[in-house]
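Raw contents of run-v1.cif, mmCIF, C-alpha atoms and all ligand atoms:
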```cif
data_model
#
loop_
_atom_site.label_atom_id
_atom_site.label_comp_id
_atom_site.auth_asym_id
_atom_site.auth_seq_id
_atom_site.Cartn_x
_atom_site.Cartn_y
_atom_site.Cartn_z
CA MET A 99 -122.80 138.95 -9.33
CA SER A 100 -121.95 135.99 -7.23
CA ASP A 101 -124.18 136.70 -4.25
CA THR A 102 -127.23 134.97 -5.64
CA GLN A 103 -127.64 131.56 -7.19
CA ASN A 104 -127.24 130.92 -10.85
CA GLU A 105 -129.89 129.18 -12.87
CA LYS A 106 -128.42 125.71 -12.40
CA GLU A 107 -128.89 125.67 -8.66
CA CYS A 108 -131.98 127.89 -8.53
CA PRO A 109 -134.62 126.15 -6.40
CA PHE A 110 -137.44 127.77 -8.36
CA ASP A 111 -136.31 126.01 -11.51
CA HIS A 112 -136.20 122.68 -9.71
CA PRO A 113 -138.91 120.13 -10.56
CA GLY A 114 -139.55 119.57 -6.84
CA VAL A 115 -140.65 123.16 -6.43
CA ARG A 116 -142.62 123.01 -9.62
CA ALA A 117 -144.56 120.16 -8.04
CA THR A 118 -146.06 122.66 -5.60
CA GLU A 119 -147.55 124.71 -8.46
CA TYR A 120 -151.34 124.94 -8.35
CA ALA A 121 -152.02 127.56 -11.02
CA GLY A 122 -150.11 129.16 -13.82
CA ASN A 123 -149.88 130.27 -17.39
CA ASP A 124 -147.07 130.20 -19.94
CA ASP A 125 -145.04 132.84 -18.12
CA PHE A 126 -145.89 132.71 -14.42
CA ALA A 127 -146.67 130.16 -11.74
CA ALA A 128 -148.40 130.24 -8.38
CA VAL A 129 -146.73 127.80 -6.00
CA TYR A 130 -147.60 126.94 -2.43
CA ASN A 131 -145.03 127.86 0.20
CA ILE A 132 -143.45 124.75 1.73
CA ALA A 133 -143.49 126.47 5.14
CA PRO A 134 -146.54 128.76 5.08
CA ILE A 135 -146.70 131.53 7.67
CA LEU A 136 -150.49 131.46 7.38
CA PRO A 137 -152.91 129.32 5.34
CA GLY A 138 -152.71 130.14 1.63
CA HIS A 139 -149.17 131.59 1.77
CA SER A 140 -148.10 131.36 -1.85
CA LEU A 141 -145.32 132.53 -4.14
CA ILE A 142 -145.78 134.06 -7.56
CA VAL A 143 -142.76 133.33 -9.75
CA PRO A 144 -141.83 134.04 -13.36
CA ARG A 145 -141.11 130.80 -15.21
CA ARG A 146 -137.95 132.18 -16.73
CA HIS A 147 -135.00 132.57 -14.44
CA VAL A 148 -134.89 136.28 -13.50
CA GLU A 149 -132.93 137.40 -10.47
CA ARG A 150 -134.27 140.89 -9.90
CA LEU A 151 -137.61 142.57 -10.46
CA GLY A 152 -135.95 145.27 -12.54
CA LEU A 153 -134.86 142.63 -15.05
CA LEU A 154 -138.44 141.93 -16.07
CA SER A 155 -139.51 143.83 -19.16
CA GLU A 156 -142.25 146.40 -18.66
CA ASP A 157 -144.70 144.11 -20.36
CA GLU A 158 -143.67 141.14 -18.18
CA MET A 159 -143.95 143.32 -15.10
CA CYS A 160 -147.53 144.29 -15.97
CA ARG A 161 -148.49 140.69 -16.64
CA PHE A 162 -146.69 139.49 -13.52
CA PHE A 163 -148.73 141.77 -11.28
CA ALA A 164 -151.94 141.11 -13.18
CA PHE A 165 -151.40 137.38 -12.60
CA ALA A 166 -150.52 138.02 -8.95
CA ARG A 167 -153.71 140.03 -8.48
CA ARG A 168 -155.75 137.22 -9.95
CA ILE A 169 -154.18 134.62 -7.71
CA THR A 170 -154.55 136.87 -4.68
CA GLY A 171 -158.26 137.35 -5.41
CA PHE A 172 -158.62 133.60 -5.75
CA LEU A 173 -156.82 132.94 -2.46
CA LEU A 174 -158.89 135.51 -0.57
CA ALA A 175 -162.10 133.95 -1.82
CA HIS A 176 -160.89 130.38 -1.28
CA PHE A 177 -159.67 130.95 2.28
CA THR A 178 -162.32 133.58 3.12
CA ALA A 179 -159.58 135.99 4.08
CA GLU A 180 -160.11 139.67 4.86
CA GLY A 181 -156.84 141.08 3.56
CA PHE A 182 -153.39 140.11 2.35
CA ASP A 183 -149.73 141.04 2.45
CA TRP A 184 -147.50 141.13 -0.61
CA ALA A 185 -143.74 141.10 -0.28
CA ILE A 186 -140.80 141.04 -2.66
CA GLN A 187 -137.30 140.99 -1.21
CA ASP A 188 -135.17 142.45 -4.00
CA GLY A 189 -131.46 142.23 -3.31
CA VAL A 190 -129.40 140.74 -0.51
CA SER A 191 -129.69 143.97 1.48
CA ALA A 192 -133.46 143.54 1.38
CA GLY A 193 -133.33 139.96 2.62
CA GLN A 194 -133.45 138.16 -0.74
CA THR A 195 -132.06 134.67 -0.28
CA VAL A 196 -133.23 132.99 -3.49
CA GLY A 197 -131.91 134.58 -6.67
CA HIS A 198 -135.16 134.28 -8.59
CA VAL A 199 -137.90 136.93 -8.39
CA HIS A 200 -140.77 135.79 -6.19
CA LEU A 201 -143.71 137.63 -4.68
CA HIS A 202 -145.05 136.34 -1.37
CA VAL A 203 -148.84 136.44 -1.11
CA ILE A 204 -150.07 135.97 2.44
CA PRO A 205 -153.83 135.98 3.15
CA ARG A 206 -154.80 137.75 6.39
CA TRP A 207 -157.59 137.56 8.94
CA PRO A 208 -158.32 139.91 11.84
CA GLY A 209 -156.31 138.74 14.85
CA ASP A 210 -154.43 136.05 12.94
CA LEU A 211 -151.07 137.11 14.43
CA PRO A 212 -150.36 138.89 17.72
CA SER A 213 -149.57 142.03 15.74
CA PRO A 214 -150.41 142.65 12.04
CA GLY A 215 -146.74 143.26 11.20
CA ASP A 216 -145.48 140.01 12.74
CA TRP A 217 -145.60 138.24 9.38
CA TYR A 218 -142.34 139.77 8.23
CA SER A 219 -140.17 138.57 11.09
CA ARG A 220 -141.71 135.13 10.56
CA LEU A 221 -140.92 135.28 6.86
CA ARG A 222 -137.26 135.64 7.76
CA LEU A 223 -137.14 132.65 10.10
CA PRO A 224 -135.24 129.57 8.98
CA ILE A 225 -137.37 126.69 7.73
CA THR A 226 -137.20 123.50 9.73
CA THR A 227 -138.10 120.00 8.66
CA SER A 228 -138.79 118.83 12.19
CA PRO A 229 -142.20 120.25 13.15
CA PRO A 230 -142.14 119.06 16.78
CA ASP A 231 -139.18 121.34 17.46
CA ALA A 232 -140.65 124.20 15.54
CA VAL A 233 -143.59 125.28 17.65
CA ASP A 234 -142.73 128.82 18.70
CA SER A 235 -139.07 127.90 18.55
CA GLY A 236 -137.95 130.56 16.14
CA ALA A 237 -138.32 128.45 13.02
CA ARG A 238 -141.00 127.88 10.41
CA PRO A 239 -142.24 124.30 10.28
CA ARG A 240 -142.17 122.78 6.83
CA LEU A 241 -145.27 120.96 5.65
CA SER A 242 -144.95 117.23 5.17
CA GLU A 243 -144.83 116.06 1.56
CA ALA A 244 -148.24 114.45 1.98
CA ASP A 245 -149.87 117.60 3.38
CA LEU A 246 -148.26 119.73 0.70
CA ARG A 247 -149.47 117.42 -2.06
CA LYS A 248 -152.99 117.47 -0.62
CA ILE A 249 -153.11 121.28 -0.44
CA VAL A 250 -151.70 121.73 -3.94
CA ALA A 251 -154.19 119.25 -5.41
CA SER A 252 -157.13 120.89 -3.70
CA LEU A 253 -156.03 124.42 -4.64
CA GLY A 254 -155.43 123.29 -8.23
CA ALA A 255 -158.95 121.90 -8.44
CA ALA A 256 -160.42 125.05 -6.90
CA ALA A 257 -158.41 127.26 -9.26
CA THR A 258 -159.70 125.31 -12.22
CA GLU A 259 -163.24 125.64 -10.92
CA ALA A 260 -162.75 129.37 -10.41
CA GLY A 261 -161.67 129.63 -14.02
CA ILE A 262 -158.22 130.99 -13.25
CA GLN A 263 -156.42 127.97 -14.56
CA PRO A 264 -154.28 128.55 -17.56
CA VAL A 265 -155.28 128.41 -21.08
CA ARG A 266 -152.44 126.07 -21.75
CA ALA A 267 -152.18 123.62 -24.57
CA ALA A 268 -152.86 120.39 -22.75
CA PRO A 269 -153.32 116.94 -24.22
CA ASP A 270 -156.99 116.13 -24.62
CA GLU A 271 -158.41 115.29 -21.20
CA GLY A 272 -162.02 115.76 -22.10
CA GLY A 273 -164.03 118.91 -21.67
CA GLY A 274 -165.68 120.37 -18.67
ZN ZN B 1 -134.58 130.47 -11.24
#
```
Kindly present the structure from the file in structure tokens form.
Amino acid sequence: MSDTQNEKECPFDHPGVRATEYAGNDDFAAVYNIAPILPGHSLIVPRRHVERLGLLSEDEMCRFFAFARRITGFLLAHFTAEGFDWAIQDGVSAGQTVGHVHLHVIPRWPGDLPSPGDWYSRLRLPITTSPPDAVDSGARPRLSEADLRKIVASLGAAATEAGIQPVRAAPDEGGG
């Protein structure tokens, strides 16, 4: 198939995207969305390059959703949210634009958007790098690098504190 990216140009395998990771294990990562629709808007991605959900093994699928549930629970507690939306766009016909499986996790609060279903049309808006032009202009403003770094650092610390950080072989950094 030539309608989705190959591994070489996949943004989810790019170190810049990996820099927005705040929790993960050997197989999956939770990354912060560069243009969040609402606070906490994250993406759950498999570390290996997989284009479609159906290409995950049954075991990977189970662990993918178990990890996603954990991260969602963490986000709801961290942002004191009431609910959440999950979304996977699988296939071009479904709106998939990045050829690497990713689950959107969007925390929700009563009255956060004019209508509860408005998140999806916003998800499909183009991302803009010029926030001043983006206010209600039909685009999603992208966070500045500094803001993104700050959020990712704070979420990473909170995730560690909540005990959802990976059991990953890390060089000795002392206990805690
Ligand atoms: Zn990829």
- For Asp245 in chain A, which residue out of A:Asp216, A:Tyr130, A:Arg167, A:Phe162 is the nearest one, using only C-alpha atoms? A:Tyr130
- Task: Work out how far CA of Tyr120 in chain A is from CA of Gly261 in chain A, in Å to one decimal.
- Result: 12.7 Å
- Item | All residues 12 Å or closer to Asn131 in chain A, all atoms listed in the file, same chain fewer than 4 positions away omitted, as a PyMOL selection string | chain A and resi 110+115-120+135-143+200-204+221+225+238-243+245-247+249-250
- Distance filter 7 Å around ligand ZN 1 (chain B), atoms: only C-alpha atoms and all ligand atoms, out as a PyMOL selection string: chain A and resi 105+108-111+146-148+197-198
- Message: Could you list, as an NGL selection string, every residue within 12 Å of Arg150 in chain A, counting all atoms listed in the file and ignoring same-chain residues fewer than 2 positions away?
- Response: :A and (99 or 102-103 or 143-144 or 146-148 or 152-155 or 159 or 186-190 or 192 or 194-201)
- Determine the nearest neighbour of Ala133 in chain A from the options A:Trp207, A:Thr227, A:Ser219, A:Pro212, counting only C-alpha atoms. A:Thr227
- Task: Just give me the gap between CA of Ser191 in chain A and CA of Ala164 in chain A in Å, one decimal is fine.
- Result: 26.8 Å
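Between CA of Pro205 in chain A and CA of Ala179 in chain A the interatomic distance comes to 5.8 Å.
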Quick one: what's the axis-aligned box for range 193-201 of chain A, all listed atoms, 3 Å on every side, centre and edges in Å to one decimal, as lines of an AutoDock Vina configuration file?
```
center_x = -137.8
center_y = 136.5
center_z = -3.0
size_x = 17.8
size_y = 13.0
size_z = 17.2
```
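Counting only C-alpha atoms, Phe165 in chain A has the following residues at most 10 Å away, ignoring those fewer than 2 positions along the same chain: Ala121, Gly122, Asn123, Asp125, Phe126, Ala127, Ala128, Ile142, Val143, Met159, Cys160, Arg161, Phe162, Phe163, Arg167, Arg168, Ile169, Thr170, Gly171 and Ile262 of chain A.
With only C-alpha atoms taken into account, the protein and nucleic acid residues at most 7 Å from Ala237 in chain A (excluding it and anything under 4 positions from it in its own chain) are Leu223, Pro224, Ile225, Thr226 and Ala232 of chain A.
All residues of protein, DNA or RNA that reach within 9 Å of His176 in chain A, judged by all atoms listed in the file and not counting those fewer than 2 positions away in the chain, are Gly138, Gly171, Phe172, Leu173, Leu174, Thr178, Ala179, Leu253, Ala256 and Ala257 of chain A.
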